[in-house]
>>> print(open('entry_37.pdb').read())   # PDB, C-alpha atoms, pLDDT in the B column
MODEL        1
ATOM      1  CA  MET P   1      59.639  39.031 -23.988  1.00 51.00           C
ATOM      2  CA  THR P   2      61.949  36.656 -25.839  1.00 56.00           C
ATOM      3  CA  PRO P   3      63.968  37.698 -28.901  1.00 54.00           C
ATOM      4  CA  GLN P   4      61.656  35.602 -31.076  1.00 65.00           C
ATOM      5  CA  THR P   5      58.630  37.677 -30.077  1.00 76.00           C
ATOM      6  CA  GLN P   6      60.238  41.108 -30.360  1.00 83.00           C
ATOM      7  CA  THR P   7      59.098  43.241 -33.248  1.00 94.00           C
ATOM      8  CA  ALA P   8      61.551  44.693 -35.734  1.00 91.00           C
ATOM      9  CA  ASP P   9      61.026  48.132 -34.163  1.00 92.00           C
ATOM     10  CA  GLU P  10      61.903  46.807 -30.714  1.00 94.00           C
ATOM     11  CA  LEU P  11      65.021  45.114 -32.026  1.00 93.00           C
ATOM     12  CA  PHE P  12      66.034  48.317 -33.811  1.00 92.00           C
ATOM     13  CA  ARG P  13      65.530  50.389 -30.631  1.00 93.00           C
ATOM     14  CA  ASN P  14      67.485  47.882 -28.543  1.00 95.00           C
ATOM     15  CA  ARG P  15      70.328  47.871 -31.052  1.00 96.00           C
ATOM     16  CA  ASN P  16      70.391  51.671 -31.165  1.00 96.00           C
ATOM     17  CA  ARG P  17      70.462  51.857 -27.380  1.00 97.00           C
ATOM     18  CA  SER P  18      73.281  49.324 -27.219  1.00 98.00           C
ATOM     19  CA  VAL P  19      75.359  51.154 -29.826  1.00 98.00           C
ATOM     20  CA  ALA P  20      74.723  54.520 -28.150  1.00 97.00           C
ATOM     21  CA  ARG P  21      75.738  53.108 -24.757  1.00 98.00           C
ATOM     22  CA  ALA P  22      78.965  51.683 -26.176  1.00 98.00           C
ATOM     23  CA  PHE P  23      79.733  54.962 -27.989  1.00 98.00           C
ATOM     24  CA  TYR P  24      79.066  56.965 -24.816  1.00 98.00           C
ATOM     25  CA  ARG P  25      81.296  54.681 -22.735  1.00 98.00           C
ATOM     26  CA  GLN P  26      84.060  54.936 -25.317  1.00 98.00           C
ATOM     27  CA  LEU P  27      83.885  58.727 -25.305  1.00 98.00           C
ATOM     28  CA  ARG P  28      83.991  58.818 -21.501  1.00 98.00           C
ATOM     29  CA  ASN P  29      86.932  56.390 -21.469  1.00 98.00           C
ATOM     30  CA  GLU P  30      88.719  58.673 -23.949  1.00 98.00           C
ATOM     31  CA  GLY P  31      88.310  61.562 -21.509  1.00 98.00           C
ATOM     32  CA  PHE P  32      85.394  63.442 -23.073  1.00 98.00           C
ATOM     33  CA  THR P  33      83.494  65.565 -20.578  1.00 98.00           C
ATOM     34  CA  HIS P  34      79.714  65.579 -20.381  1.00 98.00           C
ATOM     35  CA  GLN P  35      79.705  68.986 -22.068  1.00 98.00           C
ATOM     36  CA  GLN P  36      81.911  67.728 -24.904  1.00 98.00           C
ATOM     37  CA  ILE P  37      79.601  64.756 -25.444  1.00 98.00           C
ATOM     38  CA  ILE P  38      76.595  67.091 -25.586  1.00 98.00           C
ATOM     39  CA  GLU P  39      78.404  69.274 -28.147  1.00 98.00           C
ATOM     40  CA  LEU P  40      79.299  66.196 -30.205  1.00 98.00           C
ATOM     41  CA  SER P  41      75.686  65.014 -30.089  1.00 97.00           C
ATOM     42  CA  THR P  42      74.505  68.413 -31.274  1.00 98.00           C
ATOM     43  CA  THR P  43      76.975  68.307 -34.146  1.00 98.00           C
ATOM     44  CA  LEU P  44      75.769  64.847 -35.168  1.00 97.00           C
ATOM     45  CA  LEU P  45      72.172  66.084 -35.161  1.00 97.00           C
ATOM     46  CA  ASP P  46      73.230  69.062 -37.289  1.00 98.00           C
ATOM     47  CA  PHE P  47      74.741  66.698 -39.858  1.00 98.00           C
ATOM     48  CA  VAL P  48      71.569  64.617 -39.978  1.00 97.00           C
ATOM     49  CA  THR P  49      69.452  67.765 -40.357  1.00 98.00           C
ATOM     50  CA  GLU P  50      71.652  69.047 -43.191  1.00 97.00           C
ATOM     51  CA  ASP P  51      71.484  65.692 -44.951  1.00 97.00           C
ATOM     52  CA  LEU P  52      67.696  65.575 -44.684  1.00 96.00           C
ATOM     53  CA  LYS P  53      67.392  69.132 -46.019  1.00 96.00           C
ATOM     54  CA  GLU P  54      69.609  68.248 -48.984  1.00 94.00           C
ATOM     55  CA  ARG P  55      67.465  65.199 -49.753  1.00 93.00           C
ATOM     56  CA  VAL P  56      64.284  67.279 -49.661  1.00 92.00           C
ATOM     57  CA  GLU P  57      65.850  69.920 -51.884  1.00 91.00           C
ATOM     58  CA  SER P  58      67.061  67.364 -54.433  1.00 92.00           C
ATOM     59  CA  ALA P  59      63.631  65.707 -54.506  1.00 91.00           C
ATOM     60  CA  LYS P  60      61.972  68.948 -55.652  1.00 84.00           C
TER      61      LYS P  60
ENDMDL
END
>>> encode(input="entry_37.pdb", output="C-alpha cells")
Amino acid sequence: MTPQTQTADELFRNRNRSVARAFYRQLRNEGFTHQQIIELSTTLLDFVTEDLKERVESAK
C-alpha cells in the first residue's frame, strides 16, 4: 500500500507507532528498565483517564 492510498486512520496508527517506538528507544537508551517503562506507561494512562473524567464532569 502506497502512502497515497493509506487512509487517515492508517497514517495516524503508523505515526503513533513510530512515535512510541522512538520514545521507547529513548527511554531504554536513558537506562530505564522494562519495569520502569511499564510504570511510566501506567502513569500516562492514569493522566489520560483523569483528563477524560474531568471532561465528562465539566460537560454535565
>>> axis_aligned_box(input="entry_37.pdb", around="range 28-35 of chain P", padding_each_side="6 Å", output="AutoDock Vina command-line options")
--center_x 84.2 --center_y 62.7 --center_z -22.2 --size_x 21.0 --size_y 24.6 --size_z 15.6
>>> atom_distance(input="entry_37.pdb", atom1="CA of Asp46 in chain P", atom2="CA of Ala59 in chain P")
20.0 Å
>>> closest_residue(input="entry_37.pdb", among="P:Asp9, P:Arg15, P:Tyr24, P:Lys53", to="Ile38 in chain P", atoms="only C-alpha atoms")
P:Tyr24
>>> atom_distance(input="entry_37.pdb", atom1="CA of Glu54 in chain P", atom2="CA of Thr42 in chain P")
18.4 Å
>>> atom_distance(input="entry_37.pdb", atom1="CA of Phe23 in chain P", atom2="CA of Asp51 in chain P")
21.7 Å
>>> residues_around(input="entry_37.pdb", residues="Ile37 in chain P", least_positions_apart="4", cutoff="10 Å", atoms="only C-alpha atoms", output="number ranges by chain")
P: 24, 27-28, 32-33, 41-43
